Each structure stands twice: as structure tokens, then as C-alpha cells.
file data_8.cif (mmCIF, C-alpha atoms)
data_my_file
loop_
_atom_site.group_PDB
_atom_site.id
_atom_site.type_symbol
_atom_site.label_atom_id
_atom_site.label_comp_id
_atom_site.auth_asym_id
_atom_site.auth_seq_id
_atom_site.Cartn_x
_atom_site.Cartn_y
_atom_site.Cartn_z
ATOM 1 C CA MET J 667 -12.692 -3.103 -7.181
ATOM 2 C CA LEU J 668 -10.785 -0.488 -5.201
ATOM 3 C CA SER J 669 -10.687 -0.798 -1.415
ATOM 4 C CA LEU J 670 -9.213 1.506 1.203
ATOM 5 C CA TYR J 671 -8.176 0.871 4.809
ATOM 6 C CA TYR J 672 -7.197 4.139 6.461
ATOM 7 C CA GLY J 673 -7.115 6.061 9.713
ATOM 8 C CA ASN J 674 -5.051 6.442 12.853
ATOM 9 C CA GLY J 675 -6.148 3.114 14.327
ATOM 10 C CA LYS J 676 -4.278 -0.166 14.317
ATOM 11 C CA GLY J 677 -5.190 -2.949 11.922
ATOM 12 C CA LYS J 678 -4.865 -1.514 8.410
ATOM 13 C CA THR J 679 -2.022 -3.804 7.395
ATOM 14 C CA SER J 680 -3.585 -6.768 9.203
ATOM 15 C CA CYS J 681 -6.793 -6.287 7.186
ATOM 16 C CA ALA J 682 -4.784 -6.094 3.977
ATOM 17 C CA ILE J 683 -2.764 -9.215 4.859
ATOM 18 C CA GLY J 684 -5.909 -11.169 5.671
ATOM 19 C CA THR J 685 -7.464 -10.152 2.381
ATOM 20 C CA ALA J 686 -4.309 -11.125 0.501
ATOM 21 C CA ILE J 687 -4.140 -14.552 2.099
ATOM 22 C CA ARG J 688 -7.844 -15.192 1.448
ATOM 23 C CA ALA J 689 -7.457 -14.239 -2.209
ATOM 24 C CA ALA J 690 -4.340 -16.397 -2.606
ATOM 25 C CA SER J 691 -6.163 -19.352 -1.039
ATOM 26 C CA LYS J 692 -8.692 -18.995 -3.850
ATOM 27 C CA ASP J 693 -5.871 -19.288 -6.429
ATOM 28 C CA LYS J 694 -5.735 -15.560 -7.082
ATOM 29 C CA LYS J 695 -2.367 -14.087 -8.048
ATOM 30 C CA VAL J 696 -1.568 -11.436 -5.417
ATOM 31 C CA LEU J 697 1.157 -8.779 -5.151
ATOM 32 C CA PHE J 698 1.674 -7.179 -1.740
ATOM 33 C CA VAL J 699 3.785 -4.002 -1.860
ATOM 34 C CA GLU J 700 4.950 -2.699 1.482
ATOM 35 C CA PHE J 701 5.834 1.003 1.536
ATOM 36 C CA ILE J 702 5.978 1.030 5.327
ATOM 37 C CA ARG J 703 8.598 -1.450 6.357
ATOM 38 C CA GLN J 704 7.273 -2.911 9.558
ATOM 39 C CA ASN J 705 9.867 -5.658 9.991
ATOM 40 C CA GLU J 706 7.167 -8.178 10.847
ATOM 41 C CA LEU J 707 8.871 -11.300 9.555
ATOM 42 C CA SER J 708 5.910 -13.434 10.612
ATOM 43 C CA ASP J 709 3.625 -11.384 8.341
ATOM 44 C CA LYS J 710 6.008 -11.725 5.419
ATOM 45 C CA LYS J 711 6.388 -15.472 6.012
ATOM 46 C CA ALA J 712 2.606 -15.900 6.195
ATOM 47 C CA LEU J 713 2.140 -14.029 2.935
ATOM 48 C CA GLU J 714 4.890 -15.924 1.150
ATOM 49 C CA SER J 715 3.645 -19.294 2.447
ATOM 50 C CA ALA J 716 0.258 -18.404 0.935
ATOM 51 C CA TYR J 717 2.059 -17.778 -2.391
ATOM 52 C CA VAL J 718 1.648 -14.031 -2.242
ATOM 53 C CA THR J 719 4.404 -12.091 -3.984
ATOM 54 C CA VAL J 720 5.867 -9.561 -1.536
ATOM 55 C CA SER J 721 7.841 -6.465 -2.445
ATOM 56 C CA SER J 722 9.146 -4.208 0.318
ATOM 57 C CA ALA J 723 10.726 -0.800 0.552
ATOM 58 C CA PRO J 724 14.375 -1.137 1.582
ATOM 59 C CA ILE J 725 14.085 1.857 3.901
ATOM 60 C CA ASP J 726 11.781 2.370 6.872
ATOM 61 C CA ILE J 727 9.556 5.305 5.911
ATOM 62 C CA MET J 728 9.240 6.374 9.538
ATOM 63 C CA LEU J 729 12.984 7.007 9.702
ATOM 64 C CA ILE J 730 13.020 9.358 6.722
ATOM 65 C CA ASP J 731 13.657 12.939 7.722
ATOM 66 C CA ASP J 732 11.796 15.503 5.632
ATOM 67 C CA ASN J 733 14.933 17.638 5.511
ATOM 68 C CA SER J 734 17.247 14.796 4.573
ATOM 69 C CA GLU J 735 19.842 15.599 1.945
ATOM 70 C CA SER J 736 19.283 12.162 0.468
ATOM 71 C CA LYS J 737 15.513 12.666 0.121
ATOM 72 C CA ALA J 738 15.713 12.814 -3.687
ATOM 73 C CA GLN J 739 17.519 9.462 -3.739
ATOM 74 C CA ILE J 740 15.051 7.941 -1.302
ATOM 75 C CA SER J 741 12.124 9.300 -3.320
ATOM 76 C CA LYS J 742 13.572 7.653 -6.427
ATOM 77 C CA ILE J 743 13.615 4.286 -4.638
ATOM 78 C CA PHE J 744 9.962 4.611 -3.584
ATOM 79 C CA ARG J 745 8.888 5.751 -7.040
ATOM 80 C CA GLU J 746 10.660 2.762 -8.570
ATOM 81 C CA LEU J 747 8.910 0.449 -6.103
ATOM 82 C CA PHE J 748 5.531 1.914 -7.068
ATOM 83 C CA ASP J 749 6.287 1.933 -10.803
ATOM 84 C CA SER J 750 7.562 -1.650 -10.792
ATOM 85 C CA ALA J 751 4.440 -2.779 -8.912
ATOM 86 C CA VAL J 752 2.213 -1.167 -11.533
ATOM 87 C CA VAL J 753 4.167 -2.781 -14.358
ATOM 88 C CA MET J 754 4.114 -6.171 -12.638
ATOM 89 C CA VAL J 755 0.362 -6.256 -12.047
ATOM 90 C CA LEU J 756 -0.399 -5.145 -15.574
ATOM 91 C CA THR J 757 2.078 -7.356 -17.435
ATOM 92 C CA GLN J 758 2.013 -10.475 -15.276
ATOM 93 C CA LYS J 759 -1.760 -10.555 -14.898
ATOM 94 C CA PHE J 760 -2.110 -10.298 -11.148
ATOM 95 C CA ASP J 761 -5.617 -10.460 -9.734
ATOM 96 C CA MET J 762 -4.920 -8.319 -6.662
ATOM 97 C CA LEU J 763 -2.532 -5.528 -5.712
ATOM 98 C CA LEU J 764 -2.099 -4.346 -2.137
ATOM 99 C CA LEU J 765 -0.328 -1.023 -1.668
ATOM 100 C CA ASP J 766 0.395 -0.979 2.056
ATOM 101 C CA GLY J 767 1.252 2.515 3.263
ATOM 102 C CA VAL J 768 1.112 4.052 -0.198
ATOM 103 C CA PHE J 769 -0.611 7.184 1.096
ATOM 104 C CA ASP J 770 1.958 7.536 3.872
ATOM 105 C CA ALA J 771 4.690 7.485 1.218
ATOM 106 C CA ALA J 772 2.761 10.115 -0.751
ATOM 107 C CA ASN J 773 2.352 12.290 2.343
ATOM 108 C CA LYS J 774 6.132 12.239 2.778
ATOM 109 C CA ASN J 775 6.482 13.274 -0.887
ATOM 110 C CA LEU J 776 8.192 10.007 -1.784
ATOM 111 C CA ILE J 777 5.657 9.134 -4.487
ATOM 112 C CA PRO J 778 3.832 11.810 -6.496
ATOM 113 C CA GLU J 779 0.154 11.812 -5.590
ATOM 114 C CA SER J 780 -0.670 12.373 -9.257
ATOM 115 C CA GLU J 781 0.859 8.993 -10.165
ATOM 116 C CA ILE J 782 -1.144 7.197 -7.496
ATOM 117 C CA TYR J 783 -4.328 8.974 -8.555
ATOM 118 C CA ASP J 784 -3.737 8.213 -12.252
ATOM 119 C CA PHE J 785 -3.126 4.542 -11.562
ATOM 120 C CA LEU J 786 -6.178 4.162 -9.323
ATOM 121 C CA SER J 787 -8.362 6.062 -11.796
ATOM 122 C CA ASN J 788 -7.290 3.812 -14.652
ATOM 123 C CA ALA J 789 -6.813 0.451 -12.920
ATOM 124 C CA PRO J 790 -8.337 -2.407 -14.911
ATOM 125 C CA ASP J 791 -11.728 -3.588 -13.659
ATOM 126 C CA SER J 792 -10.299 -7.107 -13.391
ATOM 127 C CA LEU J 793 -7.712 -5.978 -10.811
ATOM 128 C CA ASP J 794 -8.624 -5.676 -7.143
ATOM 129 C CA VAL J 795 -6.566 -2.907 -5.529
ATOM 130 C CA ILE J 796 -6.303 -2.354 -1.789
ATOM 131 C CA CYS J 797 -4.569 0.734 -0.409
ATOM 132 C CA THR J 798 -3.684 1.615 3.161
ATOM 133 C CA GLY J 799 -2.527 4.765 4.887
ATOM 134 C CA VAL J 800 -3.042 6.924 7.916
ATOM 135 C CA ASN J 801 -4.014 10.166 6.182
ATOM 136 C CA VAL J 802 -5.746 10.041 2.820
ATOM 137 C CA ASP J 803 -6.490 13.132 0.765
ATOM 138 C CA LYS J 804 -10.254 13.546 0.252
ATOM 139 C CA LYS J 805 -9.825 13.588 -3.525
ATOM 140 C CA TYR J 806 -9.166 9.826 -3.446
ATOM 141 C CA ILE J 807 -12.330 8.864 -1.582
ATOM 142 C CA PRO J 808 -14.669 8.823 -4.636
ATOM 143 C CA LEU J 809 -12.354 6.331 -6.378
ATOM 144 C CA PHE J 810 -12.948 3.593 -3.797
ATOM 145 C CA SER J 811 -15.941 1.290 -3.706
ATOM 146 C CA ASN J 812 -15.052 -0.112 -0.262
ATOM 147 C CA ILE J 813 -13.740 2.133 2.506
ATOM 148 C CA THR J 814 -12.857 1.111 6.040
ATOM 149 C CA GLN J 815 -11.711 3.729 8.534
ATOM 150 C CA LEU J 816 -9.847 2.401 11.554
ATOM 151 C CA CYS J 817 -9.884 4.770 14.505
ATOM 152 C CA ASP J 818 -7.818 4.756 17.657
ATOM 153 C CA THR J 819 -10.325 4.812 20.485
ATOM 154 C CA GLN J 820 -9.570 5.367 24.127
ATOM 155 C CA THR J 821 -11.961 4.870 26.970
ATOM 156 C CA ASN J 822 -11.822 7.007 30.052
ATOM 157 C CA GLU J 823 -13.120 5.052 33.009
#
call {"tool": "encode", "arguments": {"input": "data_8.cif", "output": "C-alpha cells"}}
result
Amino acid sequence: MLSLYYGNGKGKTSCAIGTAIRAASKDKKVLFVEFIRQNELSDKKALESAYVTVSSAPIDIMLIDDNSESKAQISKIFRELFDSAVVMVLTQKFDMLLLDGVFDAANKNLIPESEIYDFLSNAPDSLDVICTGVNVDKKYIPLFSNITQLCDTQTNE
């Protein structure tokens, strides 16, 4: 099953973390890959205490300048993170893969969208995949069976 949490509202990662912990509590093997480094040590500790494997980008995506001279190097790091996650879930028989901020990394051209699309299109039926991101290209929407849009709402009183 493919699930998506997206939008400009808060809570995408929290939803993904909750899902990961629930799956792990049911003896599912879970890999949580964090493309947006949020430095929430409590989240990481909660995931690891629930026996969720966590893999994080070494660089905060929000600090990456689109005109950075080192963008090719940074892109290589993010591609390797994505590629290693795919290899891990397929070879080590994970039940669930969470790609937190994967679409944000794609929007910054750190991971080729074609690789994400190919993986999602061909993911084994036995693997639950959850993706998060603020902006998601419409071409991905038909791939997902569960979609949750989180919106930032403001009330004017």
C-alpha cells in the first residue's frame, strides 16, 4: 500500500512517525528515512526505542541554497540515501518504508523525480510505503491508495 501525507500544514512527519511506531509495535520491520533533518531528537529516540531503523540526511535540506557550488555533491548524498533505502527494504525484507520529505528533496533537485516515480510504481505489494512532502507533483497522486492533505488554516476573528 502506498500512502501520502502532504501539504503546507503541520503534522506530516508526526503522522508518519505514529504510523511507524504502530507498525513496529505489531512486529513489523520498519525503515524511516528522513530527508528533512528536523533535529527532533525525541522523535528519533521514540522511533529507535520502538525498534524502527532510522536513516537521516546529514545535511538540513532547508539550508541548501539552489545556487550552491556544492549542489552536485549534496545531490549525490541525497541520491545515495534514497538508493540505499531502496536496496535495504528490498534485500532485508522490511515491511514498511517511510520517506519523510522525499518530495521536498525532489523539488530541490536533490533526488531525480524519475527515480522516485519508478520505485513507487514498482514497489512490491508486500511493502507499505509512506511518503511526505509539502508540494507533490500531480503525476504521483494516482500511485497512492491513501492520501492525506494537511493544510495550514488560519482563523480571522
call {"tool": "atom_distance", "arguments": {"input": "data_8.cif", "atom1": "atom CA of Phe698 of chain J", "atom2": "atom CA of Thr798 of chain J"}}
result
11.4 Å
call {"tool": "resolve_selection", "arguments": {"input": "data_8.cif", "expression": "the PyMOL selection byres ((chain J and resi 797) around 7)", "output": "PyMOL selection string"}}
result
chain J and resi 669-671+764-766+768+795-796+798-799
call {"tool": "closest_residue", "arguments": {"input": "data_8.cif", "among": "J:Phe748, J:Gly684, J:Ile813, J:Asp818", "to": "Pro778 of chain J", "atoms": "only C-alpha atoms"}}
result
J:Phe748
call {"tool": "residues_around", "arguments": {"input": "data_8.cif", "residues": "Lys694 of chain J", "least_positions_apart": "2", "cutoff": "12 Å", "atoms": "only C-alpha atoms", "output": "list in words"}}
result
Thr685, Ala686, Ile687, Arg688, Ala689, Ala690, Ser691, Lys692, Val696, Leu697, Ala716, Tyr717, Val718, Thr719, Lys759, Phe760, Asp761, Met762, Leu763, Ser792, Leu793 and Asp794 of chain J
call {"tool": "atom_distance", "arguments": {"input": "data_8.cif", "atom1": "atom CA of Ser811 of chain J", "atom2": "atom CA of Pro790 of chain J"}}
result
14.0 Å
call {"tool": "atom_distance", "arguments": {"input": "data_8.cif", "atom1": "atom CA of Ser780 of chain J", "atom2": "atom CA of Val802 of chain J"}}
result
13.3 Å
call {"tool": "closest_residue", "arguments": {"input": "data_8.cif", "among": "J:Asp693, J:Asp770, J:Glu781, J:Glu700", "to": "Asp749 of chain J", "atoms": "all atoms listed in the file"}}
result
J:Glu781
call {"tool": "resolve_selection", "arguments": {"input": "data_8.cif", "expression": "the PyMOL selection byres ((chain J and resi 805) around 12)", "output": "PyMOL selection string"}}
result
chain J and resi 779-780+782-784+786-787+801-804+806-810
call {"tool": "closest_residue", "arguments": {"input": "data_8.cif", "among": "J:Ala738, J:Ile702, J:Ala723, J:Met754", "to": "Asn775 of chain J", "atoms": "all atoms listed in the file"}}
result
J:Ala738
call {"tool": "closest_residue", "arguments": {"input": "data_8.cif", "among": "J:Val800, J:Val752, J:Met667, J:Cys681", "to": "Phe769 of chain J", "atoms": "only C-alpha atoms"}}
result
J:Val800
call {"tool": "closest_residue", "arguments": {"input": "data_8.cif", "among": "J:Arg745, J:Leu713, J:Thr819, J:Asn674", "to": "Leu776 of chain J", "atoms": "only C-alpha atoms"}}
result
J:Arg745
call {"tool": "axis_aligned_box", "arguments": {"input": "data_8.cif", "around": "segment 808-818 of chain J", "padding_each_side": "8 Å", "output": "lines of an AutoDock Vina configuration file"}}
result
center_x = -11.9
center_y = 4.4
center_z = 5.6
size_x = 24.1
size_y = 24.9
size_z = 40.0
call {"tool": "decode", "arguments": {"input": "data_8.cif", "residues": "segment 673-812 of chain J", "atoms": "C-alpha atoms", "output": "PDB file, in the first residue's frame"}}
result
ATOM      1  CA  GLY J 673       0.530  19.889   2.146  1.00  0.00           C
ATOM      2  CA  ASN J 674       1.621  23.103   3.804  1.00  0.00           C
ATOM      3  CA  GLY J 675       0.168  22.187   7.195  1.00  0.00           C
ATOM      4  CA  LYS J 676       1.980  20.818  10.211  1.00  0.00           C
ATOM      5  CA  GLY J 677       1.796  17.152  11.127  1.00  0.00           C
ATOM      6  CA  LYS J 678       3.093  15.211   8.119  1.00  0.00           C
ATOM      7  CA  THR J 679       6.118  13.815   9.925  1.00  0.00           C
ATOM      8  CA  SER J 680       4.122  13.256  13.118  1.00  0.00           C
ATOM      9  CA  CYS J 681       1.613  11.143  11.161  1.00  0.00           C
ATOM     10  CA  ALA J 682       4.445   9.161   9.607  1.00  0.00           C
ATOM     11  CA  ILE J 683       6.149   8.629  12.985  1.00  0.00           C
ATOM     12  CA  GLY J 684       2.911   7.452  14.568  1.00  0.00           C
ATOM     13  CA  THR J 685       2.346   5.011  11.741  1.00  0.00           C
ATOM     14  CA  ALA J 686       5.908   3.724  12.036  1.00  0.00           C
ATOM     15  CA  ILE J 687       5.634   3.153  15.768  1.00  0.00           C
ATOM     16  CA  ARG J 688       2.269   1.398  15.395  1.00  0.00           C
ATOM     17  CA  ALA J 689       3.669  -0.910  12.722  1.00  0.00           C
ATOM     18  CA  ALA J 690       6.781  -1.673  14.787  1.00  0.00           C
ATOM     19  CA  SER J 691       4.603  -2.482  17.805  1.00  0.00           C
ATOM     20  CA  LYS J 692       2.971  -5.137  15.634  1.00  0.00           C
ATOM     21  CA  ASP J 693       6.407  -6.688  14.942  1.00  0.00           C
ATOM     22  CA  LYS J 694       6.704  -5.125  11.506  1.00  0.00           C
ATOM     23  CA  LYS J 695      10.200  -4.283  10.276  1.00  0.00           C
ATOM     24  CA  VAL J 696      10.211  -0.528   9.579  1.00  0.00           C
ATOM     25  CA  LEU J 697      12.737   1.798   7.916  1.00  0.00           C
ATOM     26  CA  PHE J 698      12.261   5.532   8.465  1.00  0.00           C
ATOM     27  CA  VAL J 699      14.305   7.689   6.071  1.00  0.00           C
ATOM     28  CA  GLU J 700      14.471  11.357   6.930  1.00  0.00           C
ATOM     29  CA  PHE J 701      15.287  13.650   4.004  1.00  0.00           C
ATOM     30  CA  ILE J 702      14.353  16.731   6.011  1.00  0.00           C
ATOM     31  CA  ARG J 703      16.587  16.814   9.024  1.00  0.00           C
ATOM     32  CA  GLN J 704      14.418  18.253  11.737  1.00  0.00           C
ATOM     33  CA  ASN J 705      16.797  17.705  14.652  1.00  0.00           C
ATOM     34  CA  GLU J 706      13.977  16.357  16.799  1.00  0.00           C
ATOM     35  CA  LEU J 707      15.992  14.010  18.979  1.00  0.00           C
ATOM     36  CA  SER J 708      12.863  12.974  20.870  1.00  0.00           C
ATOM     37  CA  ASP J 709      11.303  11.743  17.609  1.00  0.00           C
ATOM     38  CA  LYS J 710      14.416   9.785  16.708  1.00  0.00           C
ATOM     39  CA  LYS J 711      14.631   8.286  20.208  1.00  0.00           C
ATOM     40  CA  ALA J 712      10.954   7.296  20.087  1.00  0.00           C
ATOM     41  CA  LEU J 713      11.419   5.608  16.728  1.00  0.00           C
ATOM     42  CA  GLU J 714      14.571   3.792  17.782  1.00  0.00           C
ATOM     43  CA  SER J 715      13.026   2.676  21.093  1.00  0.00           C
ATOM     44  CA  ALA J 716      10.201   1.149  19.035  1.00  0.00           C
ATOM     45  CA  TYR J 717      12.865  -0.737  17.025  1.00  0.00           C
ATOM     46  CA  VAL J 718      12.411   1.349  13.914  1.00  0.00           C
ATOM     47  CA  THR J 719      15.538   1.681  11.791  1.00  0.00           C
ATOM     48  CA  VAL J 720      16.237   5.382  11.199  1.00  0.00           C
ATOM     49  CA  SER J 721      18.372   6.830   8.433  1.00  0.00           C
ATOM     50  CA  SER J 722      18.832  10.595   8.211  1.00  0.00           C
ATOM     51  CA  ALA J 723      20.266  13.036   5.730  1.00  0.00           C
ATOM     52  CA  PRO J 724      23.476  14.545   7.111  1.00  0.00           C
ATOM     53  CA  ILE J 725      22.529  17.979   5.797  1.00  0.00           C
ATOM     54  CA  ASP J 726      19.476  20.089   6.592  1.00  0.00           C
ATOM     55  CA  ILE J 727      17.600  20.407   3.295  1.00  0.00           C
ATOM     56  CA  MET J 728      16.267  23.821   4.276  1.00  0.00           C
ATOM     57  CA  LEU J 729      19.809  25.193   4.404  1.00  0.00           C
ATOM     58  CA  ILE J 730      20.674  24.114   0.869  1.00  0.00           C
ATOM     59  CA  ASP J 731      20.985  27.038  -1.493  1.00  0.00           C
ATOM     60  CA  ASP J 732      19.778  26.335  -5.023  1.00  0.00           C
ATOM     61  CA  ASN J 733      22.812  28.163  -6.392  1.00  0.00           C
ATOM     62  CA  SER J 734      25.310  26.399  -4.166  1.00  0.00           C
ATOM     63  CA  GLU J 735      28.539  25.358  -5.833  1.00  0.00           C
ATOM     64  CA  SER J 736      28.436  22.150  -3.832  1.00  0.00           C
ATOM     65  CA  LYS J 737      24.916  21.251  -5.009  1.00  0.00           C
ATOM     66  CA  ALA J 738      26.183  18.335  -7.119  1.00  0.00           C
ATOM     67  CA  GLN J 739      27.946  16.877  -4.074  1.00  0.00           C
ATOM     68  CA  ILE J 740      24.897  17.400  -1.890  1.00  0.00           C
ATOM     69  CA  SER J 741      22.654  15.837  -4.537  1.00  0.00           C
ATOM     70  CA  LYS J 742      24.928  12.790  -4.588  1.00  0.00           C
ATOM     71  CA  ILE J 743      24.480  12.376  -0.823  1.00  0.00           C
ATOM     72  CA  PHE J 744      20.676  12.527  -1.092  1.00  0.00           C
ATOM     73  CA  ARG J 745      20.617  10.135  -4.037  1.00  0.00           C
ATOM     74  CA  GLU J 746      22.764   7.687  -2.083  1.00  0.00           C
ATOM     75  CA  LEU J 747      20.399   7.969   0.888  1.00  0.00           C
ATOM     76  CA  PHE J 748      17.424   7.198  -1.359  1.00  0.00           C
ATOM     77  CA  ASP J 749      19.204   4.402  -3.238  1.00  0.00           C
ATOM     78  CA  SER J 750      20.441   2.741  -0.049  1.00  0.00           C
ATOM     79  CA  ALA J 751      16.921   2.878   1.415  1.00  0.00           C
ATOM     80  CA  VAL J 752      15.518   1.139  -1.656  1.00  0.00           C
ATOM     81  CA  VAL J 753      18.199  -1.544  -1.509  1.00  0.00           C
ATOM     82  CA  MET J 754      17.678  -2.048   2.224  1.00  0.00           C
ATOM     83  CA  VAL J 755      13.912  -2.516   2.037  1.00  0.00           C
ATOM     84  CA  LEU J 756      14.173  -4.907  -0.873  1.00  0.00           C
ATOM     85  CA  THR J 757      17.085  -7.023   0.363  1.00  0.00           C
ATOM     86  CA  GLN J 758      16.428  -7.029   4.099  1.00  0.00           C
ATOM     87  CA  LYS J 759      12.702  -7.671   3.793  1.00  0.00           C
ATOM     88  CA  PHE J 760      11.305  -4.614   5.512  1.00  0.00           C
ATOM     89  CA  ASP J 761       7.543  -4.408   5.863  1.00  0.00           C
ATOM     90  CA  MET J 762       7.333  -0.606   5.809  1.00  0.00           C
ATOM     91  CA  LEU J 763       9.342   2.261   4.345  1.00  0.00           C
ATOM     92  CA  LEU J 764       8.740   5.875   5.318  1.00  0.00           C
ATOM     93  CA  LEU J 765      10.291   8.503   3.061  1.00  0.00           C
ATOM     94  CA  ASP J 766       9.932  11.678   5.107  1.00  0.00           C
ATOM     95  CA  GLY J 767      10.396  14.772   2.960  1.00  0.00           C
ATOM     96  CA  VAL J 768      11.233  12.818  -0.177  1.00  0.00           C
ATOM     97  CA  PHE J 769       9.200  15.167  -2.367  1.00  0.00           C
ATOM     98  CA  ASP J 770      10.878  18.194  -0.800  1.00  0.00           C
ATOM     99  CA  ALA J 771      14.248  16.694  -1.748  1.00  0.00           C
ATOM    100  CA  ALA J 772      12.942  16.109  -5.279  1.00  0.00           C
ATOM    101  CA  ASN J 773      11.665  19.684  -5.517  1.00  0.00           C
ATOM    102  CA  LYS J 774      15.168  20.905  -4.670  1.00  0.00           C
ATOM    103  CA  ASN J 775      16.535  18.627  -7.422  1.00  0.00           C
ATOM    104  CA  LEU J 776      18.444  16.517  -4.911  1.00  0.00           C
ATOM    105  CA  ILE J 777      16.780  13.270  -5.999  1.00  0.00           C
ATOM    106  CA  PRO J 778      15.585  12.702  -9.573  1.00  0.00           C
ATOM    107  CA  GLU J 779      11.802  12.551  -9.654  1.00  0.00           C
ATOM    108  CA  SER J 780      12.045   9.731 -12.189  1.00  0.00           C
ATOM    109  CA  GLU J 781      13.784   7.507  -9.617  1.00  0.00           C
ATOM    110  CA  ILE J 782      11.116   8.175  -7.009  1.00  0.00           C
ATOM    111  CA  TYR J 783       8.354   7.548  -9.536  1.00  0.00           C
ATOM    112  CA  ASP J 784       9.969   4.313 -10.769  1.00  0.00           C
ATOM    113  CA  PHE J 785      10.377   2.988  -7.247  1.00  0.00           C
ATOM    114  CA  LEU J 786       6.819   3.841  -6.208  1.00  0.00           C
ATOM    115  CA  SER J 787       5.414   2.390  -9.435  1.00  0.00           C
ATOM    116  CA  ASN J 788       7.261  -0.879  -8.906  1.00  0.00           C
ATOM    117  CA  ALA J 789       7.244  -1.231  -5.112  1.00  0.00           C
ATOM    118  CA  PRO J 790       6.358  -4.761  -4.013  1.00  0.00           C
ATOM    119  CA  ASP J 791       2.758  -5.219  -2.879  1.00  0.00           C
ATOM    120  CA  SER J 792       4.070  -6.602   0.417  1.00  0.00           C
ATOM    121  CA  LEU J 793       5.817  -3.300   1.233  1.00  0.00           C
ATOM    122  CA  ASP J 794       3.904  -0.417   2.785  1.00  0.00           C
ATOM    123  CA  VAL J 795       5.408   2.889   1.642  1.00  0.00           C
ATOM    124  CA  ILE J 796       4.600   6.248   3.201  1.00  0.00           C
ATOM    125  CA  CYS J 797       5.859   9.466   1.618  1.00  0.00           C
ATOM    126  CA  THR J 798       5.695  13.018   2.908  1.00  0.00           C
ATOM    127  CA  GLY J 799       6.301  16.410   1.368  1.00  0.00           C
ATOM    128  CA  VAL J 800       4.941  19.899   1.093  1.00  0.00           C
ATOM    129  CA  ASN J 801       4.484  20.066  -2.680  1.00  0.00           C
ATOM    130  CA  VAL J 802       3.774  16.896  -4.618  1.00  0.00           C
ATOM    131  CA  ASP J 803       3.626  16.778  -8.399  1.00  0.00           C
ATOM    132  CA  LYS J 804       0.158  15.698  -9.589  1.00  0.00           C
ATOM    133  CA  LYS J 805       1.637  12.802 -11.558  1.00  0.00           C
ATOM    134  CA  TYR J 806       2.265  10.950  -8.277  1.00  0.00           C
ATOM    135  CA  ILE J 807      -1.292  11.157  -6.967  1.00  0.00           C
ATOM    136  CA  PRO J 808      -2.672   8.134  -8.905  1.00  0.00           C
ATOM    137  CA  LEU J 809       0.052   5.919  -7.397  1.00  0.00           C
ATOM    138  CA  PHE J 810      -1.234   6.334  -3.835  1.00  0.00           C
ATOM    139  CA  SER J 811      -4.120   4.425  -2.319  1.00  0.00           C
ATOM    140  CA  ASN J 812      -4.234   6.619   0.809  1.00  0.00           C
TER     141      ASN J 812
END
